[in-house]
$ cat structure-v9.pdb   # PDB, C-alpha atoms and all ligand atoms
ATOM      1  CA  MET A 124      96.599 111.047  74.704
ATOM      2  CA  GLY A 125      95.456 114.282  73.076
ATOM      3  CA  GLY A 126      92.476 114.525  75.369
ATOM      4  CA  GLU A 127      94.506 114.467  78.563
ATOM      5  CA  GLN A 128      94.242 117.595  80.615
ATOM      6  CA  ILE A 129      96.910 119.028  82.835
ATOM      7  CA  ARG A 130      95.498 118.344  86.262
ATOM      8  CA  LEU A 131      98.526 117.478  88.397
ATOM      9  CA  LYS A 132     100.489 120.069  90.334
ATOM     10  CA  PRO A 133     104.228 119.666  90.832
ATOM     11  CA  VAL A 134     105.169 118.053  94.161
ATOM     12  CA  ARG A 135     106.910 120.739  96.215
ATOM     13  CA  GLU A 136     110.639 120.266  96.542
ATOM     14  CA  ASP A 137     111.509 122.726  99.307
ATOM     15  CA  TRP A 138     112.446 119.980 101.757
ATOM     16  CA  GLN A 139     115.624 118.114 102.603
ATOM     17  CA  ARG A 140     114.671 114.843 104.329
ATOM     18  CA  ALA A 141     112.182 112.186 103.233
ATOM     19  CA  LEU A 142     111.284 108.744 104.491
ATOM     20  CA  VAL A 143     109.759 106.038 102.316
ATOM     21  CA  VAL A 144     107.525 103.507 104.090
ATOM     22  CA  VAL A 145     106.009 100.791 101.879
ATOM     23  CA  ALA A 146     104.770  97.243 102.379
ATOM     24  CA  HIS A 147     107.069  95.286 100.061
ATOM     25  CA  PRO A 148     110.326  95.322  98.143
ATOM     26  CA  ASP A 149     109.482  96.602  94.613
ATOM     27  CA  ASP A 150     106.487  98.736  95.689
ATOM     28  CA  MET A 151     108.431 101.921  94.978
ATOM     29  CA  GLU A 152     109.846 100.747  91.684
ATOM     30  CA  PHE A 153     106.716 100.987  89.536
ATOM     31  CA  GLY A 154     107.288 104.707  89.059
ATOM     32  CA  ALA A 155     108.015 106.439  92.353
ATOM     33  CA  SER A 156     111.680 105.410  92.502
ATOM     34  CA  ALA A 157     112.443 107.638  89.504
ATOM     35  CA  ALA A 158     111.278 110.613  91.589
ATOM     36  CA  VAL A 159     113.583 109.420  94.369
ATOM     37  CA  ALA A 160     116.469 109.417  91.858
ATOM     38  CA  ARG A 161     115.628 113.028  90.969
ATOM     39  CA  TRP A 162     115.478 114.070  94.604
ATOM     40  CA  THR A 163     118.709 112.393  95.711
ATOM     41  CA  ASP A 164     120.388 114.029  92.703
ATOM     42  CA  GLN A 165     119.221 117.356  94.151
ATOM     43  CA  GLY A 166     121.113 116.463  97.327
ATOM     44  CA  LYS A 167     118.086 115.466  99.380
ATOM     45  CA  HIS A 168     118.388 112.672 101.920
ATOM     46  CA  ILE A 169     115.954 109.778 101.551
ATOM     47  CA  ALA A 170     115.759 106.606 103.649
ATOM     48  CA  TYR A 171     113.619 103.535 102.964
ATOM     49  CA  CYS A 172     111.694 101.423 105.448
ATOM     50  CA  MET A 173     110.097  98.231 104.144
ATOM     51  CA  VAL A 174     107.339  96.920 106.405
ATOM     52  CA  THR A 175     107.847  93.344 105.179
ATOM     53  CA  SER A 176     110.638  91.689 103.237
ATOM     54  CA  GLY A 177     108.298  90.426 100.518
ATOM     55  CA  GLU A 178     109.136  86.933 101.736
ATOM     56  CA  ALA A 179     105.777  85.437 100.734
ATOM     57  CA  GLY A 180     106.020  86.669  97.149
ATOM     58  CA  ILE A 181     107.408  83.591  95.370
ATOM     59  CA  ASP A 182     105.397  80.376  95.328
ATOM     60  CA  GLY A 183     108.365  78.092  94.746
ATOM     61  CA  MET A 184     110.650  79.532  97.411
ATOM     62  CA  SER A 185     110.415  79.307 101.177
ATOM     63  CA  PRO A 186     109.976  82.626 102.980
ATOM     64  CA  ASP A 187     113.261  82.217 104.865
ATOM     65  CA  ASP A 188     115.246  81.888 101.640
ATOM     66  CA  CYS A 189     113.184  84.459  99.815
ATOM     67  CA  ARG A 190     113.611  87.128 102.477
ATOM     68  CA  VAL A 191     117.401  87.169 102.114
ATOM     69  CA  VAL A 192     117.335  87.562  98.344
ATOM     70  CA  ARG A 193     114.589  90.169  98.254
ATOM     71  CA  GLU A 194     116.245  92.312 100.909
ATOM     72  CA  ALA A 195     119.493  92.247  98.935
ATOM     73  CA  GLU A 196     117.677  93.128  95.722
ATOM     74  CA  GLN A 197     115.921  96.041  97.428
ATOM     75  CA  ARG A 198     119.236  97.372  98.703
ATOM     76  CA  GLU A 199     120.644  97.240  95.174
ATOM     77  CA  SER A 200     117.503  98.883  93.779
ATOM     78  CA  CYS A 201     117.898 101.679  96.336
ATOM     79  CA  ARG A 202     121.579 102.127  95.536
ATOM     80  CA  ILE A 203     120.643 102.779  91.892
ATOM     81  CA  VAL A 204     118.466 105.751  92.901
ATOM     82  CA  GLY A 205     120.910 107.184  95.419
ATOM     83  CA  VAL A 206     119.567 105.672  98.648
ATOM     84  CA  ASP A 207     121.855 103.811 101.025
ATOM     85  CA  GLU A 208     119.725 103.623 104.154
ATOM     86  CA  VAL A 209     117.243 100.739 103.953
ATOM     87  CA  GLU A 210     115.603  98.988 106.851
ATOM     88  CA  PHE A 211     113.148  96.113 107.136
ATOM     89  CA  LEU A 212     110.591  96.025 109.940
ATOM     90  CA  GLY A 213     110.049  92.283 109.536
ATOM     91  CA  LEU A 214     106.255  92.288 109.771
ATOM     92  CA  PRO A 215     104.653  89.294 108.027
ATOM     93  CA  ASP A 216     104.252  89.604 104.252
ATOM     94  CA  GLY A 217     100.755  88.984 102.886
ATOM     95  CA  VAL A 218      98.942  89.143 106.208
ATOM     96  CA  LEU A 219      99.579  92.689 107.435
ATOM     97  CA  GLU A 220      96.933  94.071 109.735
ATOM     98  CA  TYR A 221      96.106  97.682 110.332
ATOM     99  CA  GLY A 222      96.457  98.333 114.039
ATOM    100  CA  LEU A 223      98.417  99.797 116.900
ATOM    101  CA  PRO A 224     101.484  97.535 116.515
ATOM    102  CA  MET A 225     102.035  98.712 112.949
ATOM    103  CA  ARG A 226     101.327 102.347 113.827
ATOM    104  CA  ARG A 227     103.748 102.135 116.746
ATOM    105  CA  ALA A 228     106.498 100.562 114.619
ATOM    106  CA  ILE A 229     106.138 103.170 111.865
ATOM    107  CA  SER A 230     105.926 106.030 114.389
ATOM    108  CA  ALA A 231     109.227 104.872 115.851
ATOM    109  CA  VAL A 232     110.870 104.916 112.425
ATOM    110  CA  ILE A 233     109.502 108.411 111.729
ATOM    111  CA  ARG A 234     110.777 109.695 115.079
ATOM    112  CA  ARG A 235     114.216 108.266 114.362
ATOM    113  CA  HIS A 236     114.507 109.711 110.852
ATOM    114  CA  ARG A 237     112.680 113.021 111.448
ATOM    115  CA  PRO A 238     111.568 113.449 107.807
ATOM    116  CA  GLU A 239     109.755 116.460 106.358
ATOM    117  CA  ILE A 240     107.859 114.323 103.906
ATOM    118  CA  VAL A 241     106.831 110.669 104.021
ATOM    119  CA  ILE A 242     106.294 108.652 100.859
ATOM    120  CA  THR A 243     104.116 105.564 100.779
ATOM    121  CA  GLY A 244     102.113 103.481  98.333
ATOM    122  CA  ASN A 245      98.552 103.681  97.090
ATOM    123  CA  LEU A 246      96.040 103.116  99.879
ATOM    124  CA  ARG A 247      92.925 103.321  97.696
ATOM    125  CA  ASP A 248      90.914 100.185  96.873
ATOM    126  CA  SER A 249      92.273 100.024  93.338
ATOM    127  CA  PHE A 250      95.012 101.390  91.090
ATOM    128  CA  GLY A 251      92.352 102.268  88.528
ATOM    129  CA  PRO A 252      89.431 100.577  86.810
ATOM    130  CA  GLY A 253      89.828  96.802  86.950
ATOM    131  CA  MET A 254      93.141  96.901  88.853
ATOM    132  CA  LEU A 255      92.449  95.840  92.422
ATOM    133  CA  ASN A 256      94.772  96.925  95.172
ATOM    134  CA  MET A 257      95.644  94.492  97.984
ATOM    135  CA  ALA A 258      95.367  94.510 101.752
ATOM    136  CA  ASP A 259      99.082  94.888 102.567
ATOM    137  CA  HIS A 260      99.317  98.099 100.534
ATOM    138  CA  ILE A 261      96.062  99.547 101.841
ATOM    139  CA  VAL A 262      96.731  98.941 105.534
ATOM    140  CA  THR A 263     100.337 100.124 105.253
ATOM    141  CA  GLY A 264      99.272 103.400 103.647
ATOM    142  CA  GLN A 265      96.581 103.923 106.276
ATOM    143  CA  ALA A 266      99.007 103.191 109.094
ATOM    144  CA  VAL A 267     101.578 105.582 107.582
ATOM    145  CA  LEU A 268      99.038 108.414 107.469
ATOM    146  CA  ASP A 269      98.198 107.873 111.122
ATOM    147  CA  ALA A 270     101.761 107.207 112.269
ATOM    148  CA  ALA A 271     102.938 110.470 110.710
ATOM    149  CA  ARG A 272     100.705 112.254 113.221
ATOM    150  CA  ASP A 273     101.256 109.783 116.086
ATOM    151  CA  ALA A 274     104.987 110.504 115.755
ATOM    152  CA  GLY A 275     104.356 114.088 116.807
ATOM    153  CA  ASN A 276     102.226 113.314 119.865
ATOM    154  CA  ARG A 277     104.191 112.843 123.081
ATOM    155  CA  TRP A 278     101.277 111.071 124.759
ATOM    156  CA  VAL A 279     100.674 108.481 122.040
ATOM    157  CA  PHE A 280     102.941 105.403 122.264
ATOM    158  CA  ARG A 281     104.597 106.776 125.402
ATOM    159  CA  GLU A 282     106.865 103.727 125.527
ATOM    160  CA  LEU A 283     108.765 105.214 122.578
ATOM    161  CA  LEU A 284     109.991 107.941 124.938
ATOM    162  CA  ASP A 285     111.671 105.237 127.019
ATOM    163  CA  ASP A 286     113.659 104.307 123.908
ATOM    164  CA  GLY A 287     114.807 107.898 123.605
ATOM    165  CA  LEU A 288     112.496 108.627 120.681
ATOM    166  CA  GLU A 289     111.269 112.161 121.238
ATOM    167  CA  PRO A 290     108.181 113.355 119.333
ATOM    168  CA  TRP A 291     108.692 114.570 115.761
ATOM    169  CA  ASN A 292     105.899 116.704 114.371
ATOM    170  CA  GLY A 293     107.778 117.946 111.331
ATOM    171  CA  VAL A 294     106.082 115.777 108.680
ATOM    172  CA  ARG A 295     104.444 118.264 106.331
ATOM    173  CA  LEU A 296     102.867 115.829 103.918
ATOM    174  CA  VAL A 297     102.425 112.200 103.005
ATOM    175  CA  ALA A 298     102.686 111.377  99.293
ATOM    176  CA  ALA A 299     101.172 108.096  98.082
ATOM    177  CA  GLY A 300     102.453 106.756  94.759
ATOM    178  CA  GLY A 301     100.246 104.933  92.270
ATOM    179  CA  SER A 302      96.965 106.411  93.477
ATOM    180  CA  PRO A 303      94.012 106.597  91.063
ATOM    181  CA  GLN A 304      93.235 109.921  92.731
ATOM    182  CA  ALA A 305      96.660 111.456  92.188
ATOM    183  CA  THR A 306      96.884 115.189  92.819
ATOM    184  CA  HIS A 307     100.566 115.897  92.143
ATOM    185  CA  GLY A 308     103.338 114.825  89.799
ATOM    186  CA  VAL A 309     107.120 114.812  89.497
ATOM    187  CA  ASP A 310     108.960 115.332  86.201
ATOM    188  CA  ILE A 311     111.157 112.235  85.824
ATOM    189  CA  GLY A 312     112.400 112.915  82.296
ATOM    190  CA  ASP A 313     116.080 112.719  83.296
ATOM    191  CA  TYR A 314     115.562 109.872  85.745
ATOM    192  CA  PHE A 315     113.376 107.450  83.830
ATOM    193  CA  ALA A 316     116.324 105.159  83.018
ATOM    194  CA  ALA A 317     117.366 105.003  86.667
ATOM    195  CA  GLY A 318     113.794 104.109  87.544
ATOM    196  CA  VAL A 319     113.782 101.244  85.030
ATOM    197  CA  GLU A 320     117.091  99.935  86.382
ATOM    198  CA  SER A 321     115.774 100.099  89.941
ATOM    199  CA  LEU A 322     112.829  97.900  88.943
ATOM    200  CA  LYS A 323     115.053  95.451  87.061
ATOM    201  CA  ALA A 324     117.096  94.999  90.250
ATOM    202  CA  HIS A 325     114.201  92.880  91.552
ATOM    203  CA  LYS A 326     115.413  89.921  89.494
ATOM    204  CA  LEU A 327     114.038  87.097  91.591
ATOM    205  CA  TYR A 328     110.539  88.482  91.598
ATOM    206  CA  PHE A 329     110.456  88.898  87.842
ATOM    207  CA  GLU A 330     112.090  85.522  87.145
ATOM    208  CA  ALA A 331     109.071  83.995  88.862
ATOM    209  CA  PHE A 332     106.932  85.202  85.955
ATOM    210  CA  GLY A 333     108.929  82.952  83.591
ATOM    211  CA  ASP A 334     107.920  83.425  79.973
ATOM    212  CA  ASN A 335     105.224  85.844  81.004
ATOM    213  CA  THR A 336     107.696  88.438  82.296
ATOM    214  CA  PRO A 337     106.366  91.830  81.318
ATOM    215  CA  ASP A 338     108.557  94.255  79.365
ATOM    216  CA  MET A 339     109.338  96.502  82.295
ATOM    217  CA  GLU A 340     110.646  99.447  80.346
ATOM    218  CA  GLU A 341     107.596  99.518  78.101
ATOM    219  CA  MET A 342     105.259  99.227  81.056
ATOM    220  CA  LEU A 343     106.960 102.011  83.013
ATOM    221  CA  GLU A 344     107.058 104.228  79.946
ATOM    222  CA  GLY A 345     103.315 103.820  79.514
ATOM    223  CA  PHE A 346     102.700 104.908  83.112
ATOM    224  CA  ALA A 347     105.183 107.783  82.837
ATOM    225  CA  ARG A 348     103.727 109.142  79.602
ATOM    226  CA  MET A 349     100.242 109.100  81.041
ATOM    227  CA  ALA A 350     101.312 110.969  84.197
ATOM    228  CA  GLY A 351     103.492 113.251  82.069
ATOM    229  CA  ALA A 352     100.512 114.328  79.995
ATOM    230  CA  GLN A 353      98.670 115.193  83.199
ATOM    231  CA  LEU A 354     101.609 117.249  84.506
ATOM    232  CA  GLY A 355     102.450 118.898  81.183
ATOM    233  CA  VAL A 356     105.833 117.204  80.702
ATOM    234  CA  LYS A 357     107.015 114.178  78.716
ATOM    235  CA  LEU A 358     107.524 111.698  81.544
ATOM    236  CA  ALA A 359     106.279 111.945  85.127
ATOM    237  CA  THR A 360     105.251 109.909  88.098
ATOM    238  CA  SER A 361     102.250 110.832  90.187
ATOM    239  CA  PHE A 362     101.351 110.984  93.865
ATOM    240  CA  GLU A 363      98.252 111.619  95.902
ATOM    241  CA  VAL A 364      99.428 114.234  98.387
ATOM    242  CA  TYR A 365      97.914 114.364 101.863
ATOM    243  CA  PRO A 366      98.946 117.632 103.561
ATOM    244  CA  LEU A 367      99.453 117.351 107.310
ATOM    245  CA  GLN A 368     100.373 120.977 107.890
ATOM    246  CA  PHE A 369      98.948 124.047 106.258
ATOM    247  CA  LEU A 370     102.260 125.829 105.745
TER
HETATM  248 ZN    ZN B   1     103.549  95.349  97.058
END
$ encode --input "structure-v9.pdb" --output "structure tokens"
Amino acid sequence: MGGEQIRLKPVREDWQRALVVVAHPDDMEFGASAAVARWTDQGKHIAYCMVTSGEAGIDGMSPDDCRVVREAEQRESCRIVGVDEVEFLGLPDGVLEYGLPMRRAISAVIRRHRPEIVITGNLRDSFGPGMLNMADHIVTGQAVLDAARDAGNRWVFRELLDDGLEPWNGVRLVAAGGSPQATHGVDIGDYFAAGVESLKAHKLYFEAFGDNTPDMEEMLEGFARMAGAQLGVKLATSFEVYPLQFL
């Protein structure tokens, strides 16, 4: 650890409304949810939108049964970090495609919530050396980056106007958690425990590992110490920040 250099800048916190858009239940809970706990404790408003319900995540359980349990577990996970608005777009888990339907759906959610920042997951090819990312995460992150700008353009997805969804061009940045090219960090020292609890709320998913269930607290602490060293604090979580406005 001694060789780590401080290379992350603090994520700015001069905003009031954020929207999380990720592919699956549990995508936020490998670090980013602890930052959400910090921000809701500051009085910020954060809503979650899950593109799928993670219904294809358990081999021994049919998607229809799985969806119900995973949605409930995500709601509980959100409650732990101070979030009570959670919605599920219902796109198909495991086979998400980048394209206009997904951009339109996410644009609509952004117009409804009118966030200043949008949080998503890692859209790079990997999480780091030897840790491949997967298509659902990559296409969701790409669609979020585009939808954040589509949301502000009156002449893109004009049918949204018919639903009363006026353009919203107030998204200042998109922050992607878990990126191997992270640029920014958030001190989660006081919120690490909440982050661990929010991950443990995904009981069904972790039960599927059986005897091979990882020690979640140990795993999260490893990530948080590494990001902490790069931010100059004990425990942190990191984001790759994509600025959309130069203010
Ligand atoms: Zn995922």
$ closest_atom_pairs --input "structure-v9.pdb" --of "chain A" --to "ligand ZN 1 (chain B)" --cutoff "12 Å" --atoms "all atoms listed in the file" --output "tab-separated table"
residue	atom	partner	partner_atom	distance
A:Val144	CA	B:ZN1	ZN	11.5
A:Val145	CA	B:ZN1	ZN	7.7
A:Ala146	CA	B:ZN1	ZN	5.8
A:His147	CA	B:ZN1	ZN	4.6
A:Pro148	CA	B:ZN1	ZN	6.9
A:Asp149	CA	B:ZN1	ZN	6.5
A:Asp150	CA	B:ZN1	ZN	4.7
A:Met151	CA	B:ZN1	ZN	8.4
A:Glu152	CA	B:ZN1	ZN	9.9
A:Phe153	CA	B:ZN1	ZN	9.9
A:Met173	CA	B:ZN1	ZN	10.1
A:Val174	CA	B:ZN1	ZN	10.2
A:Thr175	CA	B:ZN1	ZN	9.4
A:Ser176	CA	B:ZN1	ZN	10.1
A:Gly177	CA	B:ZN1	ZN	7.7
A:Glu178	CA	B:ZN1	ZN	11.1
A:Ala179	CA	B:ZN1	ZN	10.8
A:Gly180	CA	B:ZN1	ZN	9.0
A:Asp216	CA	B:ZN1	ZN	9.2
A:Gly217	CA	B:ZN1	ZN	9.1
A:Val218	CA	B:ZN1	ZN	12.0
A:Leu219	CA	B:ZN1	ZN	11.4
A:Thr243	CA	B:ZN1	ZN	10.9
A:Gly244	CA	B:ZN1	ZN	8.4
A:Asn245	CA	B:ZN1	ZN	9.7
A:Leu246	CA	B:ZN1	ZN	11.2
A:Asn256	CA	B:ZN1	ZN	9.1
A:Met257	CA	B:ZN1	ZN	8.0
A:Ala258	CA	B:ZN1	ZN	9.5
A:Asp259	CA	B:ZN1	ZN	7.1
A:His260	CA	B:ZN1	ZN	6.1
A:Ile261	CA	B:ZN1	ZN	9.8
A:Val262	CA	B:ZN1	ZN	11.5
A:Thr263	CA	B:ZN1	ZN	10.0
A:Gly264	CA	B:ZN1	ZN	11.2
A:Gly300	CA	B:ZN1	ZN	11.7
A:Gly301	CA	B:ZN1	ZN	11.2
A:Tyr328	CA	B:ZN1	ZN	11.2
$ atom_distance --input "structure-v9.pdb" --atom1 "atom CA of A:Glu282" --atom2 "atom CA of A:Glu220"
21.0 Å
$ closest_residue --input "structure-v9.pdb" --among "A:Leu131, A:Met254, A:Ala160, A:Leu223" --to "A:Val356" --atoms "all atoms listed in the file"
A:Leu131
$ resolve_selection --input "structure-v9.pdb" --expression "the PyMOL selection byres (((chain A and resi 315) around 12) and not hetatm)" --output "number ranges by chain"
A: 152-161, 203-204, 309-314, 316-322, 339-348, 351, 357-360
$ atom_distance --input "structure-v9.pdb" --atom1 "atom CA of A:Arg247" --atom2 "atom CA of A:Ser302"
6.6 Å
$ axis_aligned_box --input "structure-v9.pdb" --around "stretch 278-282 of chain A" --padding-each-side "4 Å" --output "JSON"
{"center_x": 103.8, "center_y": 107.4, "center_z": 123.8, "size_x": 14.2, "size_y": 15.3, "size_z": 11.5}
